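data24.csv (CSV, C-alpha atoms)
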```csv
chain,number,residue,atom,x,y,z
A,24,GLY,CA,-12.1,-13.7,-39.8
A,25,GLU,CA,-10.7,-11.4,-42.4
A,26,GLN,CA,-9.5,-13.0,-45.6
A,27,VAL,CA,-7.5,-11.5,-48.4
A,28,GLU,CA,-7.2,-12.6,-52.0
A,29,GLN,CA,-4.4,-11.0,-54.1
A,30,ARG,CA,-4.3,-11.1,-57.9
A,31,PRO,CA,-2.5,-11.8,-60.1
A,32,PRO,CA,0.1,-14.1,-58.6
A,33,HIS,CA,2.6,-13.3,-61.4
A,34,LEU,CA,2.8,-10.2,-63.6
A,35,SER,CA,5.2,-9.4,-66.4
A,36,VAL,CA,5.2,-5.9,-68.0
A,37,ARG,CA,7.5,-3.9,-70.2
A,38,GLU,CA,9.4,-1.0,-68.9
A,39,GLY,CA,7.2,2.1,-69.1
A,40,ASP,CA,4.0,0.2,-68.9
A,41,SER,CA,1.6,0.3,-66.0
A,42,ALA,CA,1.2,-2.6,-63.6
A,43,VAL,CA,-1.9,-3.2,-61.4
A,44,ILE,CA,-2.1,-5.5,-58.4
A,45,THR,CA,-5.4,-5.9,-56.7
A,46,CYS,CA,-6.4,-7.3,-53.3
A,47,THR,CA,-9.9,-8.1,-52.3
A,48,TYR,CA,-10.8,-8.4,-48.6
A,49,THR,CA,-13.9,-9.7,-46.9
A,50,ASP,CA,-14.5,-7.7,-43.7
A,51,PRO,CA,-16.3,-4.4,-44.4
A,52,ASN,CA,-15.1,-3.1,-41.1
A,53,SER,CA,-11.4,-3.2,-42.1
A,54,TYR,CA,-9.9,0.3,-42.1
A,55,TYR,CA,-6.1,-0.1,-42.1
A,56,PHE,CA,-4.2,-1.4,-45.1
A,57,PHE,CA,-0.6,-1.9,-46.2
A,58,TRP,CA,1.5,-2.6,-49.2
A,59,TYR,CA,4.9,-4.2,-48.8
A,60,LYS,CA,7.6,-4.7,-51.4
A,61,GLN,CA,10.1,-7.6,-51.2
A,62,GLU,CA,13.2,-7.7,-53.4
A,63,PRO,CA,15.0,-11.0,-53.8
A,64,GLY,CA,16.8,-12.0,-50.6
A,65,ALA,CA,15.6,-8.9,-48.8
A,66,SER,CA,13.1,-8.0,-46.1
A,67,LEU,CA,9.5,-7.0,-46.8
A,68,GLN,CA,9.7,-3.2,-47.0
A,69,LEU,CA,6.7,-1.0,-46.2
A,70,LEU,CA,5.7,0.7,-49.4
A,71,MET,CA,2.6,2.5,-48.1
A,72,LYS,CA,0.0,2.5,-45.3
A,73,VAL,CA,-3.5,3.4,-46.1
A,74,PHE,CA,-6.3,4.5,-43.9
A,75,SER,CA,-9.9,3.9,-45.0
A,76,SER,CA,-10.6,7.6,-44.8
A,77,THR,CA,-8.3,8.2,-47.8
A,78,GLU,CA,-9.3,6.5,-51.0
A,79,ILE,CA,-6.4,7.7,-53.2
A,80,ASN,CA,-2.9,7.6,-51.9
A,81,GLU,CA,0.1,8.6,-54.0
A,82,GLY,CA,3.7,7.5,-53.7
A,83,GLN,CA,6.8,7.9,-55.8
A,84,GLY,CA,5.8,6.3,-59.1
A,85,PHE,CA,2.7,4.5,-57.8
A,86,THR,CA,-0.9,5.1,-56.7
A,87,VAL,CA,-2.9,3.1,-54.2
A,88,LEU,CA,-6.6,3.1,-54.6
A,89,LEU,CA,-9.1,1.9,-51.9
A,90,ASN,CA,-12.6,1.0,-53.1
A,91,LYS,CA,-14.5,0.4,-49.9
A,92,LYS,CA,-17.7,-0.5,-51.7
A,93,ASP,CA,-16.1,-3.4,-53.5
A,94,LYS,CA,-13.7,-4.1,-50.6
A,95,GLN,CA,-10.7,-3.8,-53.0
A,96,LEU,CA,-7.3,-2.3,-52.6
A,97,SER,CA,-5.1,-1.8,-55.6
A,98,LEU,CA,-1.5,-0.8,-56.3
A,99,ASN,CA,-0.9,0.9,-59.6
A,100,LEU,CA,2.7,1.3,-60.8
A,101,THR,CA,2.2,4.1,-63.4
A,102,ALA,CA,5.4,3.6,-65.4
A,103,ALA,CA,7.2,0.5,-64.3
A,104,HIS,CA,11.0,0.2,-64.5
A,105,PRO,CA,13.3,-2.7,-63.9
A,106,GLY,CA,13.9,-1.6,-60.3
A,107,ASP,CA,10.2,-2.3,-59.6
A,108,SER,CA,10.8,-6.0,-60.2
A,109,ALA,CA,10.0,-7.6,-56.8
A,110,ALA,CA,7.2,-9.4,-54.9
A,111,TYR,CA,4.4,-7.2,-53.6
A,112,PHE,CA,2.2,-8.1,-50.7
A,113,CYS,CA,-0.9,-6.4,-49.4
A,114,ALA,CA,-1.9,-6.7,-45.8
A,115,VAL,CA,-5.1,-5.8,-44.0
A,116,ARG,CA,-5.3,-5.2,-40.3
A,117,ASP,CA,-7.9,-7.6,-39.0
A,118,PRO,CA,-10.5,-5.4,-37.3
A,119,ASN,CA,-11.7,-8.2,-35.0
A,120,THR,CA,-8.5,-9.0,-33.3
A,121,GLY,CA,-6.9,-5.8,-32.2
A,122,ASN,CA,-3.9,-4.0,-33.5
A,123,TYR,CA,-1.6,-6.9,-33.9
A,124,LYS,CA,-3.0,-9.2,-36.6
A,125,TYR,CA,-2.3,-8.5,-40.3
A,126,VAL,CA,-3.9,-10.8,-42.8
A,127,PHE,CA,-1.6,-10.9,-45.9
A,128,GLY,CA,-2.3,-11.7,-49.5
A,129,ALA,CA,-0.2,-14.4,-51.1
A,130,GLY,CA,1.8,-11.9,-53.1
A,131,THR,CA,2.4,-10.8,-56.7
A,132,ARG,CA,5.7,-11.5,-58.4
A,133,LEU,CA,6.3,-8.6,-60.7
A,134,LYS,CA,8.8,-8.7,-63.5
A,135,VAL,CA,9.6,-5.5,-65.5
A,136,ILE,CA,11.3,-6.2,-68.7
A,137,ALA,CA,13.7,-3.6,-70.1
B,22,ASP,CA,17.6,2.5,-37.9
B,23,THR,CA,14.6,0.3,-38.9
B,24,THR,CA,16.5,-2.9,-39.0
B,25,VAL,CA,15.2,-6.3,-37.8
B,26,LYS,CA,17.9,-8.9,-37.8
B,27,GLN,CA,17.4,-12.7,-38.0
B,28,ASN,CA,19.8,-15.5,-37.4
B,29,PRO,CA,20.6,-17.8,-39.0
B,30,ARG,CA,19.6,-16.9,-42.5
B,31,TYR,CA,19.6,-20.6,-43.5
B,32,LYS,CA,19.0,-23.6,-41.2
B,33,LEU,CA,19.1,-27.2,-42.0
B,34,ALA,CA,17.4,-29.5,-39.5
B,35,ARG,CA,16.7,-33.2,-39.2
B,36,VAL,CA,13.3,-34.6,-38.6
B,37,GLY,CA,12.6,-34.9,-34.9
B,38,LYS,CA,15.3,-32.5,-33.9
B,39,PRO,CA,14.8,-29.1,-32.2
B,40,VAL,CA,15.2,-25.8,-34.0
B,41,ASN,CA,15.8,-22.4,-32.5
B,42,LEU,CA,15.6,-19.2,-34.5
B,43,ILE,CA,16.6,-15.8,-33.3
B,44,CYS,CA,15.3,-12.3,-34.0
B,45,SER,CA,16.5,-8.9,-32.8
B,46,GLN,CA,15.6,-5.3,-33.1
B,47,THR,CA,17.0,-2.1,-31.7
B,48,MET,CA,14.0,0.2,-32.3
B,49,ASN,CA,12.6,-0.3,-28.8
B,50,HIS,CA,9.4,-1.8,-30.3
B,51,ASP,CA,7.0,-3.3,-27.8
B,52,THR,CA,5.7,-6.0,-30.1
B,53,MET,CA,7.5,-8.8,-31.9
B,54,TYR,CA,6.0,-11.2,-34.3
B,55,TRP,CA,6.8,-14.5,-36.0
B,56,TYR,CA,5.3,-15.5,-39.3
B,57,GLN,CA,5.7,-18.7,-41.4
B,58,LYS,CA,5.8,-18.3,-45.2
B,59,LYS,CA,5.7,-21.1,-47.7
B,60,PRO,CA,6.1,-20.6,-51.4
B,61,ASN,CA,3.2,-19.0,-53.2
B,62,GLN,CA,1.4,-18.6,-49.9
B,63,ALA,CA,0.7,-15.6,-47.7
B,64,PRO,CA,2.8,-15.0,-44.6
B,65,LYS,CA,0.9,-16.7,-41.7
B,66,LEU,CA,1.1,-15.3,-38.2
B,67,LEU,CA,2.3,-17.9,-35.7
B,68,LEU,CA,2.6,-15.9,-32.5
B,69,PHE,CA,3.6,-12.5,-31.1
B,70,TYR,CA,4.9,-10.9,-28.0
B,71,TYR,CA,3.4,-7.8,-26.7
B,72,ASP,CA,5.9,-6.7,-24.1
B,73,LYS,CA,6.3,-9.8,-22.1
B,74,ILE,CA,3.0,-11.4,-23.0
B,75,LEU,CA,3.0,-14.2,-25.5
B,76,ASN,CA,0.1,-14.7,-27.7
B,77,ARG,CA,-0.1,-17.8,-30.0
B,78,GLU,CA,-2.5,-18.4,-32.8
B,79,ALA,CA,-5.0,-21.1,-32.1
B,80,ASP,CA,-4.1,-23.4,-35.0
B,81,THR,CA,-0.3,-23.3,-34.2
B,82,PHE,CA,-0.6,-23.3,-30.5
B,83,GLU,CA,1.1,-26.6,-29.8
B,84,LYS,CA,3.7,-26.5,-32.6
B,85,PHE,CA,5.7,-23.4,-31.7
B,86,GLN,CA,7.2,-21.9,-28.6
B,87,SER,CA,8.8,-18.5,-28.1
B,88,SER,CA,10.8,-16.5,-25.6
B,89,ARG,CA,11.6,-12.9,-25.2
B,90,PRO,CA,14.3,-12.5,-22.6
B,91,ASN,CA,14.5,-8.7,-23.2
B,92,ASN,CA,12.8,-6.0,-25.3
B,93,SER,CA,15.3,-6.5,-28.2
B,94,PHE,CA,15.4,-10.3,-28.7
B,95,CYS,CA,12.8,-12.9,-29.5
B,96,SER,CA,13.2,-16.6,-30.4
B,97,LEU,CA,11.1,-19.1,-32.1
B,98,TYR,CA,11.5,-22.7,-30.9
B,99,ILE,CA,10.3,-25.9,-32.6
B,100,GLY,CA,10.7,-28.8,-30.2
B,101,SER,CA,10.6,-31.6,-32.8
B,102,ALA,CA,10.9,-30.5,-36.5
B,103,GLY,CA,8.7,-32.2,-39.1
B,104,LEU,CA,9.0,-32.0,-42.8
B,105,GLU,CA,6.0,-29.7,-42.8
B,106,TYR,CA,8.0,-27.1,-40.9
B,107,SER,CA,10.2,-26.4,-44.0
B,108,ALA,CA,9.4,-22.7,-44.8
B,109,MET,CA,10.7,-19.2,-44.5
B,110,TYR,CA,10.3,-17.8,-41.0
B,111,LEU,CA,9.8,-14.0,-40.8
B,112,CYS,CA,10.2,-11.9,-37.7
B,113,ALA,CA,8.7,-8.5,-37.5
B,114,SER,CA,8.3,-5.8,-34.9
B,115,SER,CA,6.2,-2.8,-34.3
B,116,ARG,CA,5.5,0.0,-31.8
B,117,GLY,CA,1.9,-0.3,-30.8
B,118,PRO,CA,-0.5,0.0,-33.7
B,119,ARG,CA,2.2,1.4,-36.1
B,120,PRO,CA,3.3,-0.6,-39.1
B,121,GLN,CA,5.3,-3.8,-38.7
B,122,TYR,CA,9.0,-3.9,-39.8
B,123,PHE,CA,10.3,-7.2,-41.1
B,124,GLY,CA,13.5,-9.0,-41.0
B,125,PRO,CA,15.0,-10.8,-44.0
B,126,GLY,CA,13.8,-14.2,-42.8
B,127,THR,CA,15.3,-17.6,-41.9
B,128,ARG,CA,14.9,-20.3,-44.5
B,129,LEU,CA,14.4,-23.6,-42.7
B,130,LEU,CA,14.8,-26.9,-44.5
B,131,VAL,CA,13.9,-30.0,-42.6
B,132,LEU,CA,15.2,-33.3,-43.9
```
Output the file's structure in the form of structure tokens.
Amino acid sequence: GEQVEQRPPHLSVREGDSAVITCTYTDPNSYYFFWYKQEPGASLQLLMKVFSSTEINEGQGFTVLLNKKDKQLSLNLTAAHPGDSAAYFCAVRDPNTGNYKYVFGAGTRLKVIA
Amino acid sequence: DTTVKQNPRYKLARVGKPVNLICSQTMNHDTMYWYQKKPNQAPKLLLFYYDKILNREADTFEKFQSSRPNNSFCSLYIGSAGLEYSAMYLCASSRGPRPQYFGPGTRLLVL
């Protein structure tokens, strides 16, 4: 089945710097991807959903890139601020098991230093 | 309101004792999920309810039970807790293929 590797597990950047988190998946048929953000003590919050038909997705202060050739999904925070400090998880909908199964990465703990 | 609620937020259990965790949502979602998350690991799907139909993952089939008495509530039941069950348990819900919304989790510690 689908497997997802997320890197790096920990990331520390200074305020205003960029931060890049990458997930590599294995199944070339995967087509639906997600990024979640989890602040301490809080729920996983959906940051962005990505369909494979769109390779560049822009949100508020971040960009998500999908490289289907290399089977990589990346989250790029363009100018990080302390409020971005959180754990970030990518998820891939497993194409072999219907709509229900997400395969998650192990997460990246991002710390933005003021 | 996209809130998924979980009770309790923290649970202390003794080895060999049962554990029951509760999840609720008021979004009229047809599917509810339970995940187990251990430190520095990815959330792992344990089971899910699509409407009234329970689906359990093959590798956790015998370890966890669940019930969904109505559309809004779903429980996760451990009949006899072992030390390896210590983890964060996340509940999520969704409407069909739309994204899953997560609760804050229940941190279970088994001693």
Give me, as a Markdown table, the closest atom pair and its distance (Å, one decimal) for every residue of chain A within a cut-off of 12 Å of chain B, counting all atoms listed in the file, rows sorted by chain and rising number.
```
| residue | atom | partner | partner_atom | distance |
| --- | --- | --- | --- | --- |
| A:Gln26 | CA | B:Ala63 | CA | 10.7 |
| A:Val27 | CA | B:Ala63 | CA | 9.2 |
| A:Glu28 | CA | B:Ala63 | CA | 9.5 |
| A:Gln29 | CA | B:Ala63 | CA | 9.4 |
| A:Arg30 | CA | B:Asn61 | CA | 11.9 |
| A:Pro31 | CA | B:Asn61 | CA | 11.5 |
| A:Pro32 | CA | B:Asn61 | CA | 7.9 |
| A:His33 | CA | B:Asn61 | CA | 10.0 |
| A:Tyr55 | CA | B:Pro120 | CA | 9.9 |
| A:Phe56 | CA | B:Pro120 | CA | 9.6 |
| A:Phe57 | CA | B:Pro120 | CA | 8.2 |
| A:Trp58 | CA | B:Pro120 | CA | 10.5 |
| A:Tyr59 | CA | B:Phe123 | CA | 9.9 |
| A:Lys60 | CA | B:Phe123 | CA | 10.9 |
| A:Gln61 | CA | B:Pro125 | CA | 9.3 |
| A:Glu62 | CA | B:Pro125 | CA | 10.1 |
| A:Pro63 | CA | B:Pro125 | CA | 9.8 |
| A:Gly64 | CA | B:Pro125 | CA | 6.9 |
| A:Ala65 | CA | B:Pro125 | CA | 5.2 |
| A:Ser66 | CA | B:Pro125 | CA | 4.0 |
| A:Leu67 | CA | B:Phe123 | CA | 5.8 |
| A:Gln68 | CA | B:Phe123 | CA | 7.2 |
| A:Leu69 | CA | B:Tyr122 | CA | 7.4 |
| A:Leu70 | CA | B:Pro120 | CA | 10.7 |
| A:Met71 | CA | B:Pro120 | CA | 9.5 |
| A:Lys72 | CA | B:Pro120 | CA | 7.7 |
| A:Val73 | CA | B:Pro120 | CA | 10.5 |
| A:Phe74 | CA | B:Pro120 | CA | 11.9 |
| A:Ala110 | CA | B:Asn61 | CA | 10.5 |
| A:Tyr111 | CA | B:Ala63 | CA | 10.9 |
| A:Phe112 | CA | B:Ala63 | CA | 8.2 |
| A:Cys113 | CA | B:Ala63 | CA | 9.5 |
| A:Ala114 | CA | B:Ala63 | CA | 9.5 |
| A:Val115 | CA | B:Pro120 | CA | 11.0 |
| A:Arg116 | CA | B:Pro118 | CA | 9.7 |
| A:Asp117 | CA | B:Pro118 | CA | 11.9 |
| A:Pro118 | CA | B:Pro118 | CA | 11.9 |
| A:Thr120 | CA | B:Glu78 | CA | 11.2 |
| A:Gly121 | CA | B:Pro118 | CA | 8.8 |
| A:Asn122 | CA | B:Pro118 | CA | 5.3 |
| A:Tyr123 | CA | B:Pro118 | CA | 7.0 |
| A:Lys124 | CA | B:Leu66 | CA | 7.5 |
| A:Tyr125 | CA | B:Leu66 | CA | 7.9 |
| A:Val126 | CA | B:Lys65 | CA | 7.7 |
| A:Phe127 | CA | B:Ala63 | CA | 5.5 |
| A:Gly128 | CA | B:Ala63 | CA | 5.2 |
| A:Ala129 | CA | B:Ala63 | CA | 3.7 |
| A:Gly130 | CA | B:Ala63 | CA | 6.6 |
| A:Thr131 | CA | B:Asn61 | CA | 9.0 |
| A:Arg132 | CA | B:Asn61 | CA | 9.5 |
```
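The gap separating atom CA of Tyr56 of chain B from atom CA of Leu89 of chain A is 25.9 Å, in Å to one decimal.
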Nearest to Glu78 of chain A among A:Leu96, A:Cys46, A:Leu133, A:Ala103, with distances taken over all atoms listed in the file: which residue is it?
A:Leu96
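Comparing B:Gln57, B:Ser96, B:Asn91, B:Gln86 by their smallest distance to Asn28 of chain B, the closest is B:Ser96 (using all atoms listed in the file).
Here atom CA of Cys44 of chain B stands at a distance of 11.4 Å from atom CA of Pro90 of chain B.
Within the 6 Å cut-off around Thr101 of chain A, using all atoms listed in the file and omitting residues fewer than 2 positions from it on the same chain, the listed residues are Ser41, Phe85 and Asn99 of chain A.
Put simply, atom CA of Trp55 of chain B is 29.1 Å away from atom CA of Val43 of chain A.
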Restricting the calculation to all atoms listed in the file: of B:His50, B:Lys84, B:Lys73, B:Arg116, which residue gets closest to Leu97 of chain B?
B:Lys84
At a cut-off of 7 Å from (11.3, -25.8, -33.0) in the coordinates of the file, what residues are picked up using only C-alpha atoms, written as an mmCIF file with C-alpha atoms, keeping the file's coordinate frame?
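File part.cif, as written:
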```
data_model
loop_
_atom_site.group_PDB
_atom_site.id
_atom_site.type_symbol
_atom_site.label_atom_id
_atom_site.label_comp_id
_atom_site.auth_asym_id
_atom_site.auth_seq_id
_atom_site.Cartn_x
_atom_site.Cartn_y
_atom_site.Cartn_z
ATOM 1 C CA PRO B 39 14.800 -29.100 -32.200
ATOM 2 C CA VAL B 40 15.200 -25.800 -34.000
ATOM 3 C CA ASN B 41 15.800 -22.400 -32.500
ATOM 4 C CA PHE B 85 5.700 -23.400 -31.700
ATOM 5 C CA LEU B 97 11.100 -19.100 -32.100
ATOM 6 C CA TYR B 98 11.500 -22.700 -30.900
ATOM 7 C CA ILE B 99 10.300 -25.900 -32.600
ATOM 8 C CA GLY B 100 10.700 -28.800 -30.200
ATOM 9 C CA SER B 101 10.600 -31.600 -32.800
ATOM 10 C CA ALA B 102 10.900 -30.500 -36.500
#
```
